[in-house]
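Q: Structure supplied as protein_36.cif; contents: mmCIF, C-alpha atoms.
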data_target
#
loop_
_atom_site.group_PDB
_atom_site.id
_atom_site.type_symbol
_atom_site.label_atom_id
_atom_site.label_comp_id
_atom_site.auth_asym_id
_atom_site.auth_seq_id
_atom_site.Cartn_x
_atom_site.Cartn_y
_atom_site.Cartn_z
ATOM 1 C CA MET A 1 53.042 -3.976 113.630
ATOM 2 C CA LEU A 2 55.610 -1.418 112.456
ATOM 3 C CA GLY A 3 53.843 -0.798 109.144
ATOM 4 C CA VAL A 4 50.395 -0.426 110.723
ATOM 5 C CA ARG A 5 49.208 3.081 111.489
ATOM 6 C CA ARG A 6 47.254 3.419 114.632
ATOM 7 C CA PRO A 7 44.403 5.910 114.306
ATOM 8 C CA GLU A 8 44.566 6.947 117.957
ATOM 9 C CA VAL A 9 48.263 7.883 117.644
ATOM 10 C CA ILE A 10 47.540 9.961 114.546
ATOM 11 C CA LEU A 11 44.633 11.682 116.271
ATOM 12 C CA ILE A 12 46.717 12.445 119.337
ATOM 13 C CA LEU A 13 49.526 13.881 117.223
ATOM 14 C CA PHE A 14 47.020 15.853 115.151
ATOM 15 C CA GLY A 15 45.459 17.240 118.331
ATOM 16 C CA VAL A 16 48.848 18.261 119.735
ATOM 17 C CA PHE A 17 50.538 19.711 116.662
ATOM 18 C CA VAL A 18 47.743 21.423 114.711
ATOM 19 C CA PRO A 19 46.997 24.053 117.408
ATOM 20 C CA THR A 20 50.739 24.576 117.862
ATOM 21 C CA PHE A 21 51.343 25.125 114.138
ATOM 22 C CA CYS A 22 48.240 27.252 113.897
ATOM 23 C CA CYS A 23 49.218 29.468 116.781
ATOM 24 C CA ASP A 24 52.700 29.928 115.400
ATOM 25 C CA TRP A 25 50.811 32.503 113.412
ATOM 26 C CA LEU A 26 50.870 34.663 116.561
ATOM 27 C CA ARG A 27 54.377 35.705 115.539
ATOM 28 C CA ARG A 28 52.833 37.361 112.467
ATOM 29 C CA TYR A 29 50.257 39.086 114.643
ATOM 30 C CA THR A 30 52.849 41.676 115.696
ATOM 31 C CA ASP A 31 53.551 42.701 112.104
ATOM 32 C CA LEU A 32 49.858 43.028 111.332
ATOM 33 C CA SER A 33 49.206 44.833 114.605
ATOM 34 C CA ASP A 34 51.902 47.365 113.732
ATOM 35 C CA ARG A 35 50.318 47.760 110.287
ATOM 36 C CA CYS A 36 46.876 48.397 111.833
ATOM 37 C CA LEU A 37 48.283 51.077 114.126
ATOM 38 C CA SER A 38 50.084 52.720 111.219
ATOM 39 C CA LEU A 39 46.905 52.736 109.120
ATOM 40 C CA LEU A 40 44.922 54.117 112.063
ATOM 41 C CA TRP A 41 47.366 57.039 112.232
ATOM 42 C CA ASP A 42 47.087 57.531 108.453
ATOM 43 C CA LEU A 43 43.266 57.758 108.471
ATOM 44 C CA GLY A 44 43.219 61.443 109.236
ATOM 45 C CA GLY A 45 45.024 64.113 111.184
ATOM 46 C CA PRO A 46 46.582 63.684 114.602
ATOM 47 C CA ILE A 47 44.735 61.365 116.972
ATOM 48 C CA THR A 48 42.834 63.371 119.549
ATOM 49 C CA GLU A 49 43.954 63.537 123.154
ATOM 50 C CA GLU A 50 40.450 64.585 124.234
ATOM 51 C CA GLU A 51 38.987 62.716 127.208
ATOM 52 C CA PHE A 52 36.876 59.737 126.192
ATOM 53 C CA PRO A 53 33.349 59.672 127.715
ATOM 54 C CA LEU A 54 33.812 56.080 128.914
ATOM 55 C CA PRO A 55 36.706 54.816 131.042
ATOM 56 C CA PHE A 56 39.107 52.484 129.258
ATOM 57 C CA PRO A 57 38.650 48.871 130.527
ATOM 58 C CA ARG A 58 42.123 48.576 132.100
ATOM 59 C CA GLN A 59 40.893 46.177 134.796
ATOM 60 C CA LEU A 60 39.478 43.865 132.140
ATOM 61 C CA TYR A 61 42.833 43.783 130.363
ATOM 62 C CA LYS A 62 44.586 43.068 133.689
ATOM 63 C CA ARG A 63 42.271 40.109 134.310
ATOM 64 C CA VAL A 64 42.848 38.818 130.772
ATOM 65 C CA GLU A 65 46.596 39.225 131.227
ATOM 66 C CA LYS A 66 46.469 36.731 134.118
ATOM 67 C CA SER A 67 44.455 34.153 132.161
ATOM 68 C CA GLN A 68 45.628 31.224 130.064
ATOM 69 C CA THR A 69 46.943 31.703 126.524
ATOM 70 C CA ALA A 70 43.802 30.290 124.877
ATOM 71 C CA CYS A 71 41.688 32.812 126.766
ATOM 72 C CA LYS A 72 43.988 35.677 125.740
ATOM 73 C CA VAL A 73 43.784 34.638 122.094
ATOM 74 C CA THR A 74 39.985 34.439 122.332
ATOM 75 C CA PHE A 75 39.816 37.855 123.967
ATOM 76 C CA VAL A 76 41.994 39.463 121.283
ATOM 77 C CA ARG A 77 39.996 37.782 118.523
ATOM 78 C CA ASN A 78 36.679 38.925 120.043
ATOM 79 C CA ASN A 79 38.016 42.430 120.589
ATOM 80 C CA LEU A 80 39.000 42.688 116.922
ATOM 81 C CA GLY A 81 35.512 41.525 115.974
ATOM 82 C CA HIS A 82 33.918 44.273 118.060
ATOM 83 C CA ILE A 83 36.194 46.897 116.533
ATOM 84 C CA LEU A 84 35.348 45.645 113.045
ATOM 85 C CA ASP A 85 31.624 45.831 113.834
ATOM 86 C CA LEU A 86 32.040 49.358 115.129
ATOM 87 C CA TYR A 87 33.894 50.629 112.062
ATOM 88 C CA GLN A 88 31.290 49.176 109.702
ATOM 89 C CA GLN A 89 29.121 52.116 110.775
ATOM 90 C CA VAL A 90 31.516 54.919 109.777
ATOM 91 C CA ASN A 91 30.772 57.287 106.902
ATOM 92 C CA THR A 92 34.278 58.240 105.732
ATOM 93 C CA SER A 93 33.169 61.233 103.681
ATOM 94 C CA ARG A 94 31.371 62.701 106.683
ATOM 95 C CA VAL A 95 34.272 62.028 109.043
ATOM 96 C CA GLY A 96 36.947 63.128 106.582
ATOM 97 C CA TRP A 97 38.973 59.930 106.680
ATOM 98 C CA ASP A 98 40.621 58.305 103.695
ATOM 99 C CA ALA A 99 38.255 55.500 102.620
ATOM 100 C CA ASP A 100 41.030 53.379 101.070
ATOM 101 C CA THR A 101 43.133 53.564 104.235
ATOM 102 C CA LEU A 102 40.136 52.593 106.369
ATOM 103 C CA GLU A 103 39.338 49.684 104.071
ATOM 104 C CA GLU A 104 42.931 48.436 104.230
ATOM 105 C CA MET A 105 42.946 48.720 108.028
ATOM 106 C CA LEU A 106 39.705 46.737 108.261
ATOM 107 C CA ILE A 107 41.078 44.079 105.898
ATOM 108 C CA VAL A 108 44.174 43.672 108.083
ATOM 109 C CA MET A 109 42.025 43.471 111.235
ATOM 110 C CA HIS A 110 39.727 40.946 109.596
ATOM 111 C CA ARG A 111 42.729 38.814 108.651
ATOM 112 C CA GLN A 112 43.951 38.921 112.249
ATOM 113 C CA GLU A 113 40.515 37.929 113.500
ATOM 114 C CA GLU A 114 40.264 35.043 111.007
ATOM 115 C CA GLU A 115 43.744 33.716 111.783
ATOM 116 C CA LEU A 116 43.182 33.933 115.533
ATOM 117 C CA SER A 117 39.909 32.048 115.076
ATOM 118 C CA LEU A 118 41.939 29.081 113.844
ATOM 119 C CA CYS A 119 43.751 29.044 117.185
ATOM 120 C CA VAL A 120 40.624 29.187 119.346
ATOM 121 C CA SER A 121 38.568 26.172 120.275
ATOM 122 C CA ARG A 122 34.852 26.649 119.721
ATOM 123 C CA ALA A 123 34.188 25.495 123.290
ATOM 124 C CA LYS A 124 36.182 28.418 124.710
ATOM 125 C CA SER A 125 34.754 31.037 122.371
ATOM 126 C CA ASP A 126 31.889 31.963 124.686
ATOM 127 C CA GLY A 127 34.004 32.367 127.800
ATOM 128 C CA CYS A 128 37.133 34.406 128.316
ATOM 129 C CA PHE A 129 35.564 37.706 129.287
ATOM 130 C CA SER A 130 33.312 37.767 126.191
ATOM 131 C CA LYS A 131 30.304 39.161 128.076
ATOM 132 C CA ALA A 132 32.307 41.901 129.810
ATOM 133 C CA LEU A 133 33.922 42.880 126.519
ATOM 134 C CA GLY A 134 30.552 42.906 124.740
ATOM 135 C CA ARG A 135 29.030 45.098 127.468
ATOM 136 C CA TYR A 136 31.955 47.524 127.147
ATOM 137 C CA TYR A 137 31.389 47.899 123.380
ATOM 138 C CA VAL A 138 27.648 48.428 123.877
ATOM 139 C CA ARG A 139 28.445 51.210 126.373
ATOM 140 C CA LEU A 140 31.049 52.630 123.973
ATOM 141 C CA THR A 141 28.518 52.745 121.139
ATOM 142 C CA ASN A 142 25.871 54.292 123.383
ATOM 143 C CA ALA A 143 28.292 56.933 124.691
ATOM 144 C CA THR A 144 29.598 57.952 121.272
ATOM 145 C CA LEU A 145 27.468 57.032 118.287
ATOM 146 C CA ASN A 146 23.867 56.643 119.451
ATOM 147 C CA GLY A 147 22.073 59.929 119.032
ATOM 148 C CA THR A 148 25.032 61.724 117.414
ATOM 149 C CA ASP A 149 24.271 60.882 113.785
ATOM 150 C CA GLY A 150 27.870 59.773 113.205
ATOM 151 C CA ASP A 151 29.430 63.030 114.405
ATOM 152 C CA SER A 152 33.077 63.296 113.272
ATOM 153 C CA ASN A 153 34.221 64.327 116.771
ATOM 154 C CA MET A 154 32.820 61.083 118.162
ATOM 155 C CA TRP A 155 34.591 59.058 115.483
ATOM 156 C CA GLU A 156 37.855 60.776 116.390
ATOM 157 C CA LEU A 157 37.268 59.733 120.001
ATOM 158 C CA ILE A 158 36.608 56.171 118.821
ATOM 159 C CA ARG A 159 39.793 56.310 116.747
ATOM 160 C CA SER A 160 41.747 57.321 119.854
ATOM 161 C CA GLU A 161 40.147 54.534 121.878
ATOM 162 C CA THR A 162 40.869 52.043 119.077
ATOM 163 C CA LYS A 163 44.543 53.000 119.253
ATOM 164 C CA MET A 164 44.594 52.142 122.952
ATOM 165 C CA HIS A 165 42.889 48.786 122.345
ATOM 166 C CA LEU A 166 45.272 47.868 119.515
ATOM 167 C CA GLN A 167 48.239 48.746 121.725
ATOM 168 C CA GLN A 168 46.906 46.695 124.647
ATOM 169 C CA MET A 169 46.153 43.688 122.423
ATOM 170 C CA HIS A 170 49.639 43.969 120.936
ATOM 171 C CA LEU A 171 51.082 43.776 124.450
ATOM 172 C CA LEU A 172 48.890 40.768 125.329
ATOM 173 C CA VAL A 173 50.038 38.815 122.283
ATOM 174 C CA ALA A 174 53.690 39.840 122.711
ATOM 175 C CA ALA A 175 53.634 38.398 126.241
ATOM 176 C CA MET A 176 52.384 34.961 125.080
#
In structure tokens, how does this file's structure come out?
A:
Amino acid sequence: MLGVRRPEVILILFGVFVPTFCCDWLRRYTDLSDRCLSLLWDLGGPITEEEFPLPFPRQLYKRVEKSQTACKVTFVRNNLGHILDLYQQVNTSRVGWDADTLEEMLIVMHRQEEELSLCVSRAKSDGCFSKALGRYYVRLTNATLNGTDGDSNMWELIRSETKMHLQQMHLLVAAM
């Protein structure tokens, strides 16, 4: 019996260790998060301190903070996806941002999103505050971009809001 491999033991070990190895990647998240914030600063001039037309979803982050690790990872991954979708709409020449810096920032965010996806079970992807987060980004788009024809002032507000989201997600992952 010693030389015989039991499929159920292999499956159990695979099920235990693969997510653990995969989510060891979270340690790299901090480096990439710092890089995203740096690139966000480098896009243009100083980030505006102007009041955003929509309140920041602090309560949503507080609820996520109290949830399980898998839910936090899903939330961060989904949040990055929404930010990526938002920035696909920007016209860098109109806004005055450096196109190469924006592209690099989006590549780093996309990598974070892809790597976090490896740590998230498909069954949990639809939960974990996904609807509340989606509604927030719809309201954000409506309050800033819809009807403004991509106004550079609105993009600067979005840039400021993005900074706050990246900082909050950084804190969520650091606490895991």
Q: Provide the CA of Leu26 in chain A to CA of Leu84 in chain A distance in Å, to one decimal place.
A: 19.3 Å
Q: Running the PyMOL selection byres ((chain A and resi 91) around 12) on this model by hand, what would come out? Give it as a ChimeraX atom specification.
A: /A:86-90,92-99,102-103,145,149-152,155
Q: At a cut-off of 7 Å, using only C-alpha atoms, what residues contact range 51-67 of chain A? Leave out same-chain residues fewer than 6 positions from it and give the result as JSON, numbers by chain.
A: {"A": [140, 143, 157, 172]}
Q: To one decimal in Å, tell me the separation between CA of Met176 in chain A and CA of Leu40 in chain A.
A: 24.3 Å
Q: Would you compute the distance between CA of Asp42 in chain A and CA of Met105 in chain A? Give it in Å to one decimal.
A: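 For CA of Asp42 in chain A relative to CA of Met105 in chain A, the distance reads 9.7 Å.
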Q: From the options A:Ile107, A:Arg28, A:Gly45, A:His165, which residue's atoms come nearest to Leu133 in chain A, counting all atoms listed in the file?
A: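 Closest candidate: A:His165.
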Q: Considering all atoms listed in the file, can you say which of A:Val76, A:Ile47, A:Cys128, A:Met109 comes closest to Met154 in chain A?
A: A:Ile47
Q: In the coordinates of the file, take the point (51.6, 40.3, 120.6) and a cut-off of 12 Å; then, counting all atoms listed in the file, name each qualifying protein, DNA or RNA residue as a PyMOL selection string.
A: chain A and resi 23-34+65+69+72-73+76+112+116+166-176
Q: With distances taken over all atoms listed in the file, which of A:Ser38, A:Asn153, A:Asn78, A:Thr162 is nearest to Glu114 in chain A?
A: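 Using all atoms listed in the file, Glu114 in chain A sits closest to A:Asn78.
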Q: Pick from A:Leu80, A:Met164, A:Val138, A:Cys119: nearest to Leu37 in chain A, with only C-alpha atoms counted?
A: A:Met164
Q: Could you tell me which of A:Gly127, A:Thr148, A:Ile83, A:Thr74 comes closest to Glu161 in chain A if we count only C-alpha atoms?
A: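 Nearest candidate to Glu161 in chain A out of A:Gly127, A:Thr148, A:Ile83, A:Thr74: A:Ile83.
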Q: Using only C-alpha atoms, which of A:Asp85, A:Arg77, A:Lys163, A:Leu39 sits nearest Leu118 in chain A?
A: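 Selected residue with least distance to Leu118 in chain A: A:Arg77.
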